[in-house]
Protein chains: 2
Amino acid sequence: MKWWGWGEESVSFTHEGKPELGPFIERHLKLDVRRPGTSPLRFEELEVPAPVLPGPLRARLDEAVGAGHVSSDDHDRVVHGRGKSLTDLVRQRRGDLGRLPDVVVRPGAEDEVVAVMEAALAADAVVIPFGGGSSISGSLEPEAGESRPVICVDMVRMNRVLGIDATSQLARVQTGVFGPDLERQLNAQGWTCGHFPDSFTHSTLGGWIATRSSGMQSDRYGDVAELTRGLRVVTPSGMLVVRPVPSTSTGPSVREMVLGSEGRLGIITEATIHVRRVPAERKILGYLFPTWADGLAAIRDIAAGEASPSVTRVSDAYETAFSFATRTDPTPLDRVKSKALQAFLKRKGWDLEAMCLSFLGYEGSEGEVATQRKQTERITKRHGGLCIGSSPGTLYDQKKFDTPYIRDFLLDRGAPADVSETSAPWGELQTVYDNVMAAGYGAFDELGVPGYLMCHLSHSYHSGACLYFTFAINPAPGSDGLAQYGVVKSAIQQAFVDSGATLSHHHAVGTEHARWLEEDISAPGVAMLRSLFEGFDPGANLNPGKIVERTHEREPARPRYDGDVPSPEESSGATSPVS
Amino acid sequence: MKWWGWGEESVSFTHEGKPELGPFIERHLKLDVRRPGTSPLRFEELEVPAPVLPGPLRARLDEAVGAGHVSSDDHDRVVHGRGKSLTDLVRQRRGDLGRLPDVVVRPGAEDEVVAVMEAALAADAVVIPFGGGSSISGSLEPEAGESRPVICVDMVRMNRVLGIDATSQLARVQTGVFGPDLERQLNAQGWTCGHFPDSFTHSTLGGWIATRSSGMQSDRYGDVAELTRGLRVVTPSGMLVVRPVPSTSTGPSVREMVLGSEGRLGIITEATIHVRRVPAERKILGYLFPTWADGLAAIRDIAAGEASPSVTRVSDAYETAFSFATRTDPTPLDRVKSKALQAFLKRKGWDLEAMCLSFLGYEGSEGEVATQRKQTERITKRHGGLCIGSSPGTLYDQKKFDTPYIRDFLLDRGAPADVSETSAPWGELQTVYDNVMAAGYGAFDELGVPGYLMCHLSHSYHSGACLYFTFAINPAPGSDGLAQYGVVKSAIQQAFVDSGATLSHHHAVGTEHARWLEEDISAPGVAMLRSLFEGFDPGANLNPGKIVERTHEREPARPRYDGDVPSPEESSGATSPVS
């Protein structure tokens, strides 16, 4: 994993072979993609502060997971110090590392996680669970000025599908498993989980649960909140076990408290999740709509109707233009086809600047896919939609997990880019969209910087959908643009909550969205979360400061496990740096 | 509403006109339905303790909702003193009234509910919200020995559909509305909520939300937890507002904390709920399966398949026999048909004692109903199922809300009867069923009393379903059977949690299921609920003792509203009896 950017060291995005992309970026961001990039520091140039870890704690962690799985190595600590938000990346690139964790532990089994928790509480240390590290909301960084030892618990070794109950269509899975590995293990037995967020290749089941993630096929498979039935969580009060029952009436839902808890209630070690048979057929088709309003209306009508496609997605005109600009070098035949299509659309009276690209996905038996498509296209036609075949859909399907790499490509050229997503009822989506576009482009104007803001609708539900915004700016020369980025990001988030929408559909709160929480869920909602966190974790040992800020006086940690807990003398041992 | 039984004063169940029912009850419960009944006391015979309500509190309540909507009338207090669990009914009938509320208030608007909450907190009174009063889990009764004034807040006047957003398929509704009134208001504009619990005619939207209710068409419409999007709740911290967004990632779900909260977090005044167009066609068909195992397997395969019926229900052989015994006087033609069917089944080799009655419901456009039925019957046939047409389904549909009246019919004859429901994964249902039947019939044997226990499966989900058990006993002569009833009820509930199932699928925890809560959701789960309740309601003013018991030292009530709050001197005024 890159310590300064998204994903694998060996993978990056390039404009080469995409003839229209350079000119597009030049036109909208006034940015010459050929201009020399501003690289991050080299790792060797970083000033990595020494870890502060009491000897007895280190000894207990070694005992808990085996010394070979306890690391205070500089690279480990830097990689585990935060997630991949734009703010994270800019700070990493300039060597501003923040409060790094003092140690990274990699437990291999649930009882090892329990032992880590016991050790942490006995030493009054902070515990931060870590999955793929792909958080873009600031859910992973220790609080600045944290004076206690900070333990990052990387779940990477707990990556097995423990069993599949074919009758119940449920799989028991360790939460450290990454998306592709999960699908590989399930597919081998003919099953799929069907959860494909953009972060799929770099995120884990535990991370999805802790942030209430949503995947591109959520229309069919459900958000992770729906997919997740049973849970096992190591908490300060012992093992929390949520039974994998389909529905229950046992008071406020404990299951739904763990979902989105971002490590504030404990470490999720195992989940029992919905699985389905790998569908016989899977098809993603591209469509064009004359306008954004047509596209919205079509997808709304599809959601209200009898068909149930697996993917519903439509881009606004800005994102459509961007998508077309990222096309790889077209063949001569492509050029001919493209020109013929344009001519055809012009004859139909379309404004090519206003048209919107859409993807609809179908899954199931061959018959079901045919029926779904027939029912759906009756609706798309009513809204002027035109099917443009499977090639764009196939391309989207192949490339969707690469999108986050574009951020690093732009950062290399000095331009910050980021995303913000929300959800709202169908009847409010156009207003939310208009307000966000006005806020975003208003912020560009106010800052006097070139910027681009685009949107797509995805994840349809009975009563509404998600709007997903992507933006980039070209900041004033000589600046890394973080402050200007913040103005734009804030304007967009504020427009969400001012328009009755939510601060995040599936990226979570962390620290970066926390300041809009009260406007979203109201003051009593925040008070409820605070009661839960502070009552359940009175020592504030569990990823403190995330979702809601800490206000209470910390009580000393009270380990409640049985077993070998060191005396206060032992656990307050000298806080000597270790490596 | 009856103070001693279910539903309307004018409605009751009778065995007359059901020629097979008397002999059936005689055979299984050794109970002669013609024997003279044991009636409840007359209302005039009850010893109703005087209410204890401080004068200043009464004055503030009068001001809050208008004196005409504040009642300390004996009948009001008795009717609002508890719900309709079997334990409740037996105690009511014998005049054991428990700790009655001191006053019943009926606010007409949200600001009146706020004023009631302010008054209650200022006076350190207890607040218990009241919908239809149909709770069968002990969610409504004040704690025995409660020394503070107890205010029952009856939401009956807040019964309006405030608006329908046709685009978003959402309706804003006041939570005091009863089921039939809600459907009437929605139907008038072409919409339905589609939530039809057995208590439908005697329960409210607010009650459904506060208990995580589920209706007979939940397969299509979802449980109330799915149906409910937005919420407005009057809490000690002010107005909690949950935005009606389709999905959100704002930490642990506050929405899912209000669902099932049984008044422990506040008073739910308004909800924004899913609505759908009234379907063009609606059909409930009866089916017979050779055995319970065949019926279970068929419904499991339907849930895993591509059809999505609105109702899936199959009774075990015991409930099937009971259903057939409740048939009204058959016409000569019915007799002929019935004999022909029996002969046909015998020729097919069916064991008529083992066969199971099932209902499957279809809704939608005419085409969709036809498709659903075709897809579904492909599966029922594979499991030996036989469609017996629409008459049994129509009858079930008409009579389903009358079932609870049978309890009073049996109690009149000295026989306690009750229900317990659970849910579990498909793969566990047969084991759960076997364990519960063994526990129930084991309890009858142990007690040496005649008893009958029967079950149906309803509410199917991706990974499992609800099992709904009904039982009756004929206790030892001279006893009202409450202790013996308790042995059976406990045996069944214990079998649920011992088998990995949940303590309740949709009847909630209240006080009657609270002792199984820790075995179901584990000790840390209880600790999470306790943290939430005790942190958010430090004075324990909100329906204390429900779901989890109170353990902490009460802090004095701290009203957190702005406005006119009386000084401690005023609110500690003399606690003189009022009427």
# chains A, B, ... in the order shown; residues from 1 in each chain; ligands from 1
call {"tool": "residues_around", "arguments": {"residues": "region 501-509 of chain A", "least_positions_apart": "5", "cutoff": "8 Å", "atoms": "only C-alpha atoms", "output": "ChimeraX atom specification"}}
result
/A:135-139,211-214,260,420-424,432,466,493,496,514,516-517,520,546-547 /B:243,245,247-251
call {"tool": "residues_around", "arguments": {"residues": "region 469-486 of chain A", "least_positions_apart": "3", "cutoff": "7 Å", "atoms": "only C-alpha atoms", "output": "list in words"}}
result
Leu29, Leu31, Thr87, Gly414, Ala415, Pro416, Ala417, Asp418, Val419, Ser420, Glu421, Val449, Pro450, Gly451, Tyr452, Leu453, Met454, Cys455, His456, Lys489 and Ser490 of chain A
call {"tool": "write_last_selection", "arguments": {"atoms": "N, CA and C atoms", "output": "PDB file, in the first residue's frame"}}
result
ATOM      1  N   LEU A  29      -9.697  22.970 -16.069  1.00  0.00           N
ATOM      2  CA  LEU A  29      -8.921  23.294 -14.856  1.00  0.00           C
ATOM      3  C   LEU A  29      -7.739  24.218 -15.153  1.00  0.00           C
ATOM      4  N   LEU A  31      -5.090  23.420 -16.550  1.00  0.00           N
ATOM      5  CA  LEU A  31      -3.969  22.649 -16.030  1.00  0.00           C
ATOM      6  C   LEU A  31      -3.336  21.879 -17.174  1.00  0.00           C
ATOM      7  N   THR A  87      -7.364  15.286   2.343  1.00  0.00           N
ATOM      8  CA  THR A  87      -6.591  15.957   3.384  1.00  0.00           C
ATOM      9  C   THR A  87      -5.456  15.061   3.869  1.00  0.00           C
ATOM     10  N   GLY A 414      -0.575  19.007  -8.826  1.00  0.00           N
ATOM     11  CA  GLY A 414      -0.911  20.139  -7.962  1.00  0.00           C
ATOM     12  C   GLY A 414      -2.391  20.424  -7.812  1.00  0.00           C
ATOM     13  N   ALA A 415      -3.242  19.541  -8.328  1.00  0.00           N
ATOM     14  CA  ALA A 415      -4.681  19.819  -8.285  1.00  0.00           C
ATOM     15  C   ALA A 415      -5.395  18.859  -7.334  1.00  0.00           C
ATOM     16  N   PRO A 416      -5.927  19.352  -6.233  1.00  0.00           N
ATOM     17  CA  PRO A 416      -6.692  18.481  -5.336  1.00  0.00           C
ATOM     18  C   PRO A 416      -8.054  18.104  -5.940  1.00  0.00           C
ATOM     19  N   ALA A 417      -8.419  16.858  -5.753  1.00  0.00           N
ATOM     20  CA  ALA A 417      -9.731  16.382  -6.227  1.00  0.00           C
ATOM     21  C   ALA A 417     -10.320  15.494  -5.148  1.00  0.00           C
ATOM     22  N   ASP A 418     -11.630  15.480  -5.056  1.00  0.00           N
ATOM     23  CA  ASP A 418     -12.257  14.673  -4.008  1.00  0.00           C
ATOM     24  C   ASP A 418     -13.708  14.372  -4.362  1.00  0.00           C
ATOM     25  N   VAL A 419     -14.340  13.618  -3.482  1.00  0.00           N
ATOM     26  CA  VAL A 419     -15.740  13.224  -3.672  1.00  0.00           C
ATOM     27  C   VAL A 419     -16.539  13.521  -2.406  1.00  0.00           C
ATOM     28  N   SER A 420     -17.835  13.729  -2.591  1.00  0.00           N
ATOM     29  CA  SER A 420     -18.784  13.855  -1.478  1.00  0.00           C
ATOM     30  C   SER A 420     -20.095  13.259  -1.960  1.00  0.00           C
ATOM     31  N   GLU A 421     -20.687  12.413  -1.144  1.00  0.00           N
ATOM     32  CA  GLU A 421     -21.944  11.810  -1.572  1.00  0.00           C
ATOM     33  C   GLU A 421     -23.008  11.979  -0.489  1.00  0.00           C
ATOM     34  N   VAL A 449     -10.510  30.313  -8.464  1.00  0.00           N
ATOM     35  CA  VAL A 449      -9.686  29.231  -9.021  1.00  0.00           C
ATOM     36  C   VAL A 449     -10.514  28.444 -10.027  1.00  0.00           C
ATOM     37  N   PRO A 450      -9.854  27.883 -11.046  1.00  0.00           N
ATOM     38  CA  PRO A 450     -10.585  26.996 -11.945  1.00  0.00           C
ATOM     39  C   PRO A 450     -11.005  25.728 -11.195  1.00  0.00           C
ATOM     40  N   GLY A 451     -12.200  25.279 -11.450  1.00  0.00           N
ATOM     41  CA  GLY A 451     -12.681  24.072 -10.771  1.00  0.00           C
ATOM     42  C   GLY A 451     -13.693  23.339 -11.630  1.00  0.00           C
ATOM     43  N   TYR A 452     -13.900  22.082 -11.316  1.00  0.00           N
ATOM     44  CA  TYR A 452     -14.875  21.272 -12.053  1.00  0.00           C
ATOM     45  C   TYR A 452     -15.624  20.440 -11.026  1.00  0.00           C
ATOM     46  N   LEU A 453     -16.937  20.403 -11.155  1.00  0.00           N
ATOM     47  CA  LEU A 453     -17.782  19.635 -10.235  1.00  0.00           C
ATOM     48  C   LEU A 453     -18.779  18.845 -11.061  1.00  0.00           C
ATOM     49  N   MET A 454     -18.874  17.556 -10.796  1.00  0.00           N
ATOM     50  CA  MET A 454     -19.773  16.708 -11.582  1.00  0.00           C
ATOM     51  C   MET A 454     -20.460  15.717 -10.649  1.00  0.00           C
ATOM     52  N   CYS A 455     -21.465  15.045 -11.166  1.00  0.00           N
ATOM     53  CA  CYS A 455     -22.318  14.233 -10.270  1.00  0.00           C
ATOM     54  C   CYS A 455     -22.883  13.017 -10.998  1.00  0.00           C
ATOM     55  N   HIS A 456     -23.101  11.949 -10.245  1.00  0.00           N
ATOM     56  CA  HIS A 456     -23.963  10.892 -10.756  1.00  0.00           C
ATOM     57  C   HIS A 456     -24.927  10.433  -9.669  1.00  0.00           C
ATOM     58  N   LYS A 489     -15.040  21.759  -0.397  1.00  0.00           N
ATOM     59  CA  LYS A 489     -15.602  20.580   0.277  1.00  0.00           C
ATOM     60  C   LYS A 489     -16.676  21.016   1.293  1.00  0.00           C
ATOM     61  N   SER A 490     -16.372  22.046   2.071  1.00  0.00           N
ATOM     62  CA  SER A 490     -17.324  22.523   3.075  1.00  0.00           C
ATOM     63  C   SER A 490     -18.588  23.065   2.431  1.00  0.00           C
TER      64      SER A 490
END
call {"tool": "residues_around", "arguments": {"residues": "Arg550 (chain B)", "least_positions_apart": "6", "cutoff": "12 Å", "atoms": "only C-alpha atoms", "output": "list in words"}}
result
Glu143, Arg264, Thr511, Ala514, Val526, Ala527, Leu529, Arg530, Ser531, Phe533, Glu534, Asp537, Pro538, Gly539, Ala540, Asn541, Leu542, Asn543 and Pro544 of chain B
call {"tool": "closest_residue", "arguments": {"among": "B:Met355, B:Ser463, B:Phe409, B:Met257", "to": "Gln342 (chain B)", "atoms": "only C-alpha atoms"}}
result
B:Met355
call {"tool": "residues_around", "arguments": {"residues": "Arg313 (chain B)", "least_positions_apart": "2", "cutoff": "9 Å", "atoms": "only C-alpha atoms", "output": "ChimeraX atom specification"}}
result
/B:216,295,299,311,315,357-361,456-460
call {"tool": "closest_residue", "arguments": {"among": "A:Ile492, A:Val103, A:Ala166, A:Val254", "to": "Leu532 (chain B)", "atoms": "only C-alpha atoms"}}
result
A:Val254
call {"tool": "select_by_dssp", "arguments": {"residues": "region 274-513 of chain A", "states": "strand (DSSP E or B)", "output": "VMD selection string"}}
result
chain A and resid 274 276 to 277 281 to 289 311 to 315 356 to 364 386 to 389 417 to 425 451 to 460 464 to 473
call {"tool": "closest_residue", "arguments": {"among": "B:Phe324, B:Phe196, B:Phe536, B:Phe444", "to": "chain A", "atoms": "only C-alpha atoms"}}
result
B:Phe536
call {"tool": "residues_around", "arguments": {"residues": "region 112-115 of chain B", "least_positions_apart": "6", "cutoff": "10 Å", "atoms": "only C-alpha atoms", "output": "PyMOL selection string"}}
result
chain B and resi 60-61+63-66+105-106+121+153+155+233-236+238-239+267-269+561+563-565
call {"tool": "residues_around", "arguments": {"residues": "Pro101 (chain A)", "least_positions_apart": "6", "cutoff": "9 Å", "atoms": "only C-alpha atoms", "output": "VMD selection string"}}
result
chain A and resid 51 to 52 72 77 to 78 80 to 81 128 141 to 142 149 to 152
call {"tool": "select_by_dssp", "arguments": {"residues": "region 117-190 of chain B", "states": "helix (DSSP H, G or I)", "output": "ChimeraX atom specification"}}
result
/B:117-122,179-187
call {"tool": "atom_distance", "arguments": {"atom1": "CA of Asp124 (chain A)", "atom2": "CA of Gly535 (chain A)"}}
result
16.5 Å
call {"tool": "atom_distance", "arguments": {"atom1": "CA of Pro23 (chain B)", "atom2": "CA of Asp402 (chain B)"}}
result
21.0 Å
call {"tool": "closest_residue", "arguments": {"among": "B:Pro332, B:Gly266, B:Gly5, B:Gly385", "to": "chain A", "atoms": "only C-alpha atoms"}}
result
B:Gly266
